[in-house]
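Quick look at start_34.csv (CSV, C-alpha atoms):
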```csv
chain,number,residue,atom,x,y,z
A,1,MET,CA,-160.6,-69.9,-11.1
A,2,VAL,CA,-158.3,-71.7,-13.6
A,3,ILE,CA,-159.3,-75.1,-15.0
A,4,VAL,CA,-156.4,-77.1,-16.4
A,5,ASP,CA,-158.1,-79.8,-18.6
A,6,ASN,CA,-156.8,-82.8,-20.5
A,7,LEU,CA,-154.1,-83.7,-18.0
A,8,ASP,CA,-156.0,-87.0,-17.6
A,9,ARG,CA,-154.8,-87.9,-21.1
A,10,ILE,CA,-151.1,-87.5,-20.6
A,11,ASP,CA,-148.9,-90.5,-21.6
A,12,ASN,CA,-147.7,-92.7,-18.8
A,13,ARG,CA,-144.3,-93.6,-20.4
A,14,VAL,CA,-141.4,-94.1,-18.0
A,15,LYS,CA,-139.0,-91.1,-18.0
A,16,ALA,CA,-135.2,-91.5,-18.3
A,17,TRP,CA,-134.7,-91.7,-14.5
A,18,GLY,CA,-137.4,-94.4,-14.1
A,19,ARG,CA,-140.5,-92.5,-13.0
A,20,PRO,CA,-143.7,-92.7,-15.0
A,21,GLN,CA,-144.9,-89.4,-16.5
A,22,GLN,CA,-148.1,-89.3,-14.5
A,23,GLU,CA,-146.4,-89.8,-11.1
A,24,TYR,CA,-143.7,-87.4,-12.0
A,25,LEU,CA,-146.1,-84.6,-12.8
A,26,PHE,CA,-148.7,-85.1,-10.0
A,27,VAL,CA,-146.6,-86.5,-7.2
A,28,ASP,CA,-143.0,-85.4,-7.7
A,29,GLN,CA,-143.9,-82.0,-9.0
A,30,GLY,CA,-147.3,-81.8,-7.4
A,31,GLU,CA,-146.3,-79.1,-5.0
A,32,PHE,CA,-145.6,-76.7,-7.8
A,33,LEU,CA,-149.1,-77.3,-9.3
A,34,THR,CA,-150.6,-75.7,-6.2
A,35,LYS,CA,-148.5,-72.5,-6.3
A,36,LEU,CA,-150.7,-70.4,-8.6
A,37,ASN,CA,-152.4,-67.7,-6.5
A,38,CYS,CA,-156.0,-68.6,-7.6
A,39,HIS,CA,-158.5,-71.4,-7.3
A,40,LEU,CA,-157.4,-74.4,-9.4
A,41,ILE,CA,-159.0,-77.5,-10.9
A,42,TYR,CA,-156.8,-80.1,-12.5
A,43,THR,CA,-158.0,-83.2,-14.4
A,44,MET,CA,-156.0,-86.2,-13.3
A,45,PRO,CA,-155.4,-89.6,-14.9
A,46,LEU,CA,-157.8,-92.1,-13.3
A,47,SER,CA,-155.0,-94.7,-13.1
A,48,LEU,CA,-153.3,-92.6,-10.4
A,49,LYS,CA,-156.0,-93.6,-8.1
A,50,PHE,CA,-154.6,-97.2,-8.2
A,51,SER,CA,-151.0,-96.1,-7.9
A,52,ASN,CA,-148.8,-97.0,-4.9
A,53,ASP,CA,-148.1,-93.2,-4.7
A,54,TYR,CA,-151.7,-92.2,-4.3
A,55,GLY,CA,-151.3,-91.6,-0.6
A,56,MET,CA,-148.4,-89.3,-1.3
A,57,LEU,CA,-150.4,-87.6,-4.1
A,58,THR,CA,-153.2,-86.7,-1.6
A,59,GLN,CA,-150.6,-84.9,0.5
A,60,ARG,CA,-149.5,-82.7,-2.3
A,61,PHE,CA,-152.9,-81.0,-2.8
A,62,PRO,CA,-155.3,-79.4,-0.3
A,63,GLU,CA,-158.3,-81.5,-1.4
A,64,ASP,CA,-158.5,-85.2,-2.2
A,65,PRO,CA,-159.2,-86.0,-5.9
A,66,LYS,CA,-162.8,-86.2,-6.8
A,67,VAL,CA,-163.9,-89.0,-9.1
A,68,LEU,CA,-166.7,-88.3,-11.7
A,69,PRO,CA,-168.4,-91.6,-11.9
A,70,MET,CA,-170.8,-92.9,-14.6
A,71,VAL,CA,-174.5,-92.2,-14.2
A,72,PRO,CA,-175.8,-95.5,-12.8
A,73,VAL,CA,-178.3,-97.2,-15.1
A,74,GLU,CA,-178.2,-100.5,-13.2
A,75,TRP,CA,-177.7,-101.5,-9.5
A,76,PRO,CA,-174.9,-104.1,-8.9
A,77,ASP,CA,-177.5,-106.8,-8.6
A,78,GLY,CA,-178.7,-106.1,-12.2
A,79,ARG,CA,-181.9,-104.1,-11.2
A,80,VAL,CA,-182.7,-101.0,-13.3
A,81,HIS,CA,-181.6,-97.8,-11.6
A,82,GLU,CA,-184.7,-95.8,-12.3
A,83,GLU,CA,-183.4,-92.4,-11.5
A,84,GLY,CA,-180.2,-92.8,-13.6
A,85,MET,CA,-182.2,-94.2,-16.5
A,86,ALA,CA,-184.6,-91.3,-16.3
A,87,LEU,CA,-181.7,-88.8,-16.5
A,88,MET,CA,-180.1,-90.5,-19.5
A,89,LYS,CA,-183.4,-90.6,-21.4
A,90,GLN,CA,-183.9,-86.9,-20.8
A,91,MET,CA,-180.4,-86.3,-22.1
A,92,VAL,CA,-181.4,-87.8,-25.4
A,93,LEU,CA,-184.9,-86.3,-25.6
A,94,ALA,CA,-183.8,-82.8,-24.6
A,95,ARG,CA,-181.8,-82.7,-27.8
A,96,ALA,CA,-184.9,-83.5,-29.9
A,97,PHE,CA,-187.4,-81.5,-27.9
A,98,PRO,CA,-185.5,-78.7,-26.1
A,99,ASP,CA,-188.6,-76.5,-25.5
A,100,LEU,CA,-190.7,-79.2,-23.9
A,101,GLN,CA,-191.0,-80.0,-20.3
A,102,PRO,CA,-189.4,-83.4,-19.2
A,103,ASP,CA,-192.8,-85.1,-18.8
A,104,GLU,CA,-194.0,-83.8,-22.2
A,105,ARG,CA,-190.8,-85.2,-23.9
A,106,LEU,CA,-191.7,-88.7,-22.6
A,107,ASN,CA,-194.9,-88.6,-24.7
A,108,LYS,CA,-192.8,-87.9,-27.8
A,109,ILE,CA,-190.5,-91.0,-27.6
A,110,THR,CA,-192.2,-92.9,-30.4
A,111,GLU,CA,-191.6,-89.9,-32.8
A,112,ILE,CA,-187.9,-90.6,-32.5
A,113,PHE,CA,-187.7,-94.3,-31.7
A,114,ASP,CA,-189.8,-97.2,-32.9
A,115,SER,CA,-190.5,-98.2,-29.2
A,116,THR,CA,-189.7,-97.0,-25.7
A,117,ALA,CA,-187.7,-100.2,-25.3
A,118,ALA,CA,-185.3,-99.0,-28.0
A,119,LEU,CA,-184.5,-95.9,-26.1
A,120,ASP,CA,-184.2,-97.9,-22.9
A,121,ARG,CA,-181.7,-100.2,-24.5
A,122,LEU,CA,-179.6,-97.3,-25.8
A,123,CYS,CA,-179.4,-95.8,-22.3
A,124,ARG,CA,-178.5,-99.2,-20.7
A,125,LEU,CA,-175.9,-100.0,-23.4
A,126,SER,CA,-174.2,-96.6,-22.7
A,127,GLY,CA,-173.4,-97.7,-19.2
A,128,GLY,CA,-174.2,-94.2,-18.0
A,129,HIS,CA,-171.2,-92.8,-19.9
A,130,VAL,CA,-172.5,-89.6,-21.5
A,131,ARG,CA,-170.0,-89.5,-24.4
A,132,ASP,CA,-170.7,-93.1,-25.3
A,133,LEU,CA,-174.4,-92.5,-25.2
A,134,LEU,CA,-174.1,-89.6,-27.7
A,135,ARG,CA,-171.7,-91.5,-29.8
A,136,LEU,CA,-174.0,-94.5,-30.1
A,137,LEU,CA,-176.9,-92.2,-30.8
A,138,ASN,CA,-175.1,-90.3,-33.5
A,139,THR,CA,-173.9,-93.6,-35.2
A,140,TRP,CA,-177.5,-94.9,-35.0
A,141,ILE,CA,-178.9,-91.8,-36.7
A,142,MET,CA,-176.2,-91.9,-39.4
A,143,GLU,CA,-177.0,-95.6,-40.2
A,144,GLU,CA,-180.7,-95.2,-40.2
A,145,MET,CA,-181.1,-91.7,-41.8
A,146,ALA,CA,-184.8,-91.8,-41.1
A,147,LEU,CA,-187.2,-91.6,-38.2
A,148,PRO,CA,-188.3,-93.4,-36.1
A,149,LEU,CA,-185.0,-95.1,-35.3
A,150,SER,CA,-185.3,-98.9,-35.2
A,151,ARG,CA,-184.1,-101.3,-32.5
A,152,GLU,CA,-182.7,-103.6,-35.3
A,153,THR,CA,-180.3,-100.9,-36.5
A,154,LEU,CA,-179.2,-100.1,-32.9
A,155,ASP,CA,-178.3,-103.8,-32.5
A,156,GLN,CA,-176.2,-103.6,-35.7
A,157,VAL,CA,-174.4,-100.5,-34.4
A,158,VAL,CA,-173.7,-102.2,-31.1
A,159,ARG,CA,-172.4,-105.4,-32.7
A,160,ALA,CA,-170.0,-103.4,-34.8
A,161,ARG,CA,-168.9,-101.4,-31.8
A,162,ARG,CA,-168.4,-104.6,-29.8
A,163,ASN,CA,-166.3,-106.1,-32.6
A,164,GLU,CA,-164.0,-103.1,-32.5
A,165,MET,CA,-163.6,-103.2,-28.8
A,166,THR,CA,-162.9,-106.9,-28.5
A,167,MET,CA,-160.1,-107.2,-31.0
A,168,PRO,CA,-157.3,-105.9,-28.8
A,169,ILE,CA,-158.4,-107.7,-25.6
A,170,SER,CA,-156.1,-110.5,-24.5
A,171,ASP,CA,-157.0,-113.7,-22.8
A,172,ASP,CA,-155.7,-112.4,-19.5
A,173,GLU,CA,-157.8,-109.3,-19.8
A,174,TRP,CA,-160.9,-111.3,-20.5
A,175,GLN,CA,-160.2,-113.1,-17.3
A,176,LEU,CA,-160.0,-109.8,-15.5
A,177,LEU,CA,-163.3,-108.7,-17.1
A,178,ARG,CA,-165.0,-111.9,-16.0
A,179,HIS,CA,-163.9,-111.1,-12.4
A,180,VAL,CA,-165.2,-107.6,-12.6
A,181,LYS,CA,-168.5,-108.8,-14.0
A,182,GLN,CA,-168.9,-111.3,-11.2
A,183,LYS,CA,-167.4,-109.4,-8.2
A,184,LYS,CA,-168.1,-105.7,-9.2
A,185,LYS,CA,-164.6,-104.9,-7.9
A,186,VAL,CA,-161.2,-104.1,-9.2
A,187,SER,CA,-157.8,-104.3,-7.6
A,188,ASP,CA,-154.6,-102.2,-8.0
A,189,ASP,CA,-153.4,-104.6,-10.7
A,190,GLN,CA,-151.9,-103.0,-13.8
A,191,GLY,CA,-154.4,-104.9,-15.9
A,192,TYR,CA,-157.3,-103.3,-14.2
A,193,GLN,CA,-155.8,-99.8,-14.8
A,194,LYS,CA,-155.7,-100.6,-18.5
A,195,LEU,CA,-159.3,-101.8,-18.5
A,196,ILE,CA,-160.5,-98.6,-16.9
A,197,ARG,CA,-158.4,-96.3,-19.1
A,198,SER,CA,-159.8,-98.1,-22.2
A,199,ARG,CA,-163.4,-97.7,-20.8
A,200,PHE,CA,-163.9,-101.5,-20.8
A,201,VAL,CA,-164.8,-101.1,-17.1
A,202,PHE,CA,-166.9,-98.3,-15.6
A,203,GLU,CA,-166.9,-97.0,-12.0
A,204,TYR,CA,-170.1,-96.1,-10.2
A,205,ARG,CA,-170.8,-94.6,-6.8
A,206,ASP,CA,-173.7,-94.6,-4.3
A,207,ASN,CA,-173.6,-92.9,-0.9
A,208,GLY,CA,-169.8,-92.7,-1.0
A,209,GLU,CA,-169.2,-96.3,-2.0
A,210,SER,CA,-167.9,-97.4,-5.3
A,211,TRP,CA,-168.6,-100.4,-7.5
A,212,PHE,CA,-167.3,-101.4,-10.9
A,213,ASP,CA,-168.9,-103.1,-13.8
A,214,VAL,CA,-168.0,-104.2,-17.4
A,215,ASN,CA,-169.0,-101.8,-20.2
A,216,PRO,CA,-172.5,-103.1,-21.2
A,217,ILE,CA,-171.5,-103.4,-24.8
A,218,LEU,CA,-168.7,-105.8,-23.9
A,219,ALA,CA,-170.9,-107.6,-21.3
A,220,GLU,CA,-172.8,-109.2,-24.1
A,221,ALA,CA,-169.6,-110.6,-25.7
A,222,ARG,CA,-169.4,-114.5,-26.0
A,223,GLU,CA,-166.3,-114.5,-23.9
A,224,LEU,CA,-168.2,-113.2,-20.9
A,225,GLN,CA,-171.2,-115.4,-21.2
```

Rendering of file as structure tokens:
Amino acid sequence: MVIVDNLDRIDNRVKAWGRPQQEYLFVDQGEFLTKLNCHLIYTMPLSLKFSNDYGMLTQRFPEDPKVLPMVPVEWPDGRVHEEGMALMKQMVLARAFPDLQPDERLNKITEIFDSTAALDRLCRLSGGHVRDLLRLLNTWIMEEMALPLSRETLDQVVRARRNEMTMPISDDEWQLLRHVKQKKKVSDDQGYQKLIRSRFVFEYRDNGESWFDVNPILAEARELQ
């Protein structure tokens, strides 16, 4: 098997003859990507899912693209997703107590955090995005430099992260974010593509159905209240 990674990061600038780079590679030249005589996995830009050429793209490959969604930490109606939260907490605790069983790790939470609520807030603010979870945790540790980690410091880290994220968001994009927060849906609009690429909006799946929500760090911004 050959895994071709990082193609999801290719630039989408328009080529000289008018085709965006992503459509040119996966749609126009997609047939050639399947010619290697082995099992293949390609990572694909998520924005292609919203492209008008998506139907043609699915004809180029023997399998439809598979989306790797976030780990759900909330249901669309705001209820806690217990299973997803449990998995995210174990992802954190396993790094501190790799030799303990999952149930035993739960008894050690207050050795790392000043309360179980602090760990819960970390997991919910990550939105189920593993990289964001670990990034928040690492920044929290660097700021605190002592155990147990306090909820107050986490809130400071989150405010700083939110400030960085909000600076480039335009008024039109705030309107799109308000729509996502309320409807839990996106359209094929170019603005939505940018929000997803920038991780301002996350996709979740349950029993084959998708829903979308605003990154929880942004969800607490004044503009969305």

I need the residue nearest Arg178 (chain A) from this list: A:Ser51, A:Gln21, A:Asn12, A:Gln225. Use only C-alpha atoms for the distance. A:Gln225

Mind giving me the straight-line distance from CA of Cys123 (chain A) to CA of Leu137 (chain A) in Å, one decimal? 9.6 Å

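If you measure from each of A:Pro98, A:Pro168, A:Gly78, A:Pro69 to Phe202 (chain A) using only C-alpha atoms, the closest one turns out to be A:Pro69.
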
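Counting only C-alpha atoms and comparing A:Glu223, A:Phe50, A:Asp120, A:Leu106, the residue that lies closest to His81 (chain A) is A:Asp120.
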
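Counting all atoms listed in the file, the residue from A:Glu220, A:Glu111, A:Glu143, A:Asp28 that sits nearest to Arg60 (chain A) is A:Asp28.
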
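Around Thr153 (chain A), within 9 Å and counting all atoms listed in the file, the residues found are Trp140, Glu143, Glu144 and Val158 of chain A, once anything fewer than 5 positions away on its own chain is removed.
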
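Taking all atoms listed in the file, the non-local environment of Leu93 (chain A) within 10 Å (same-chain residues fewer than 4 positions away omitted) comprises Leu87, Met88, Lys89, Phe97, Pro98, Leu100, Pro102, Arg105, Leu106, Lys108, Ile109, Ile112 and Leu119 of chain A.
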
Quick one: everything within 8 Å of Leu46 (chain A), counting only C-alpha atoms, minus sequence neighbours fewer than 3 positions away in the same chain. Send it as a ChimeraX atom specification. /A:8,49-50,196-197
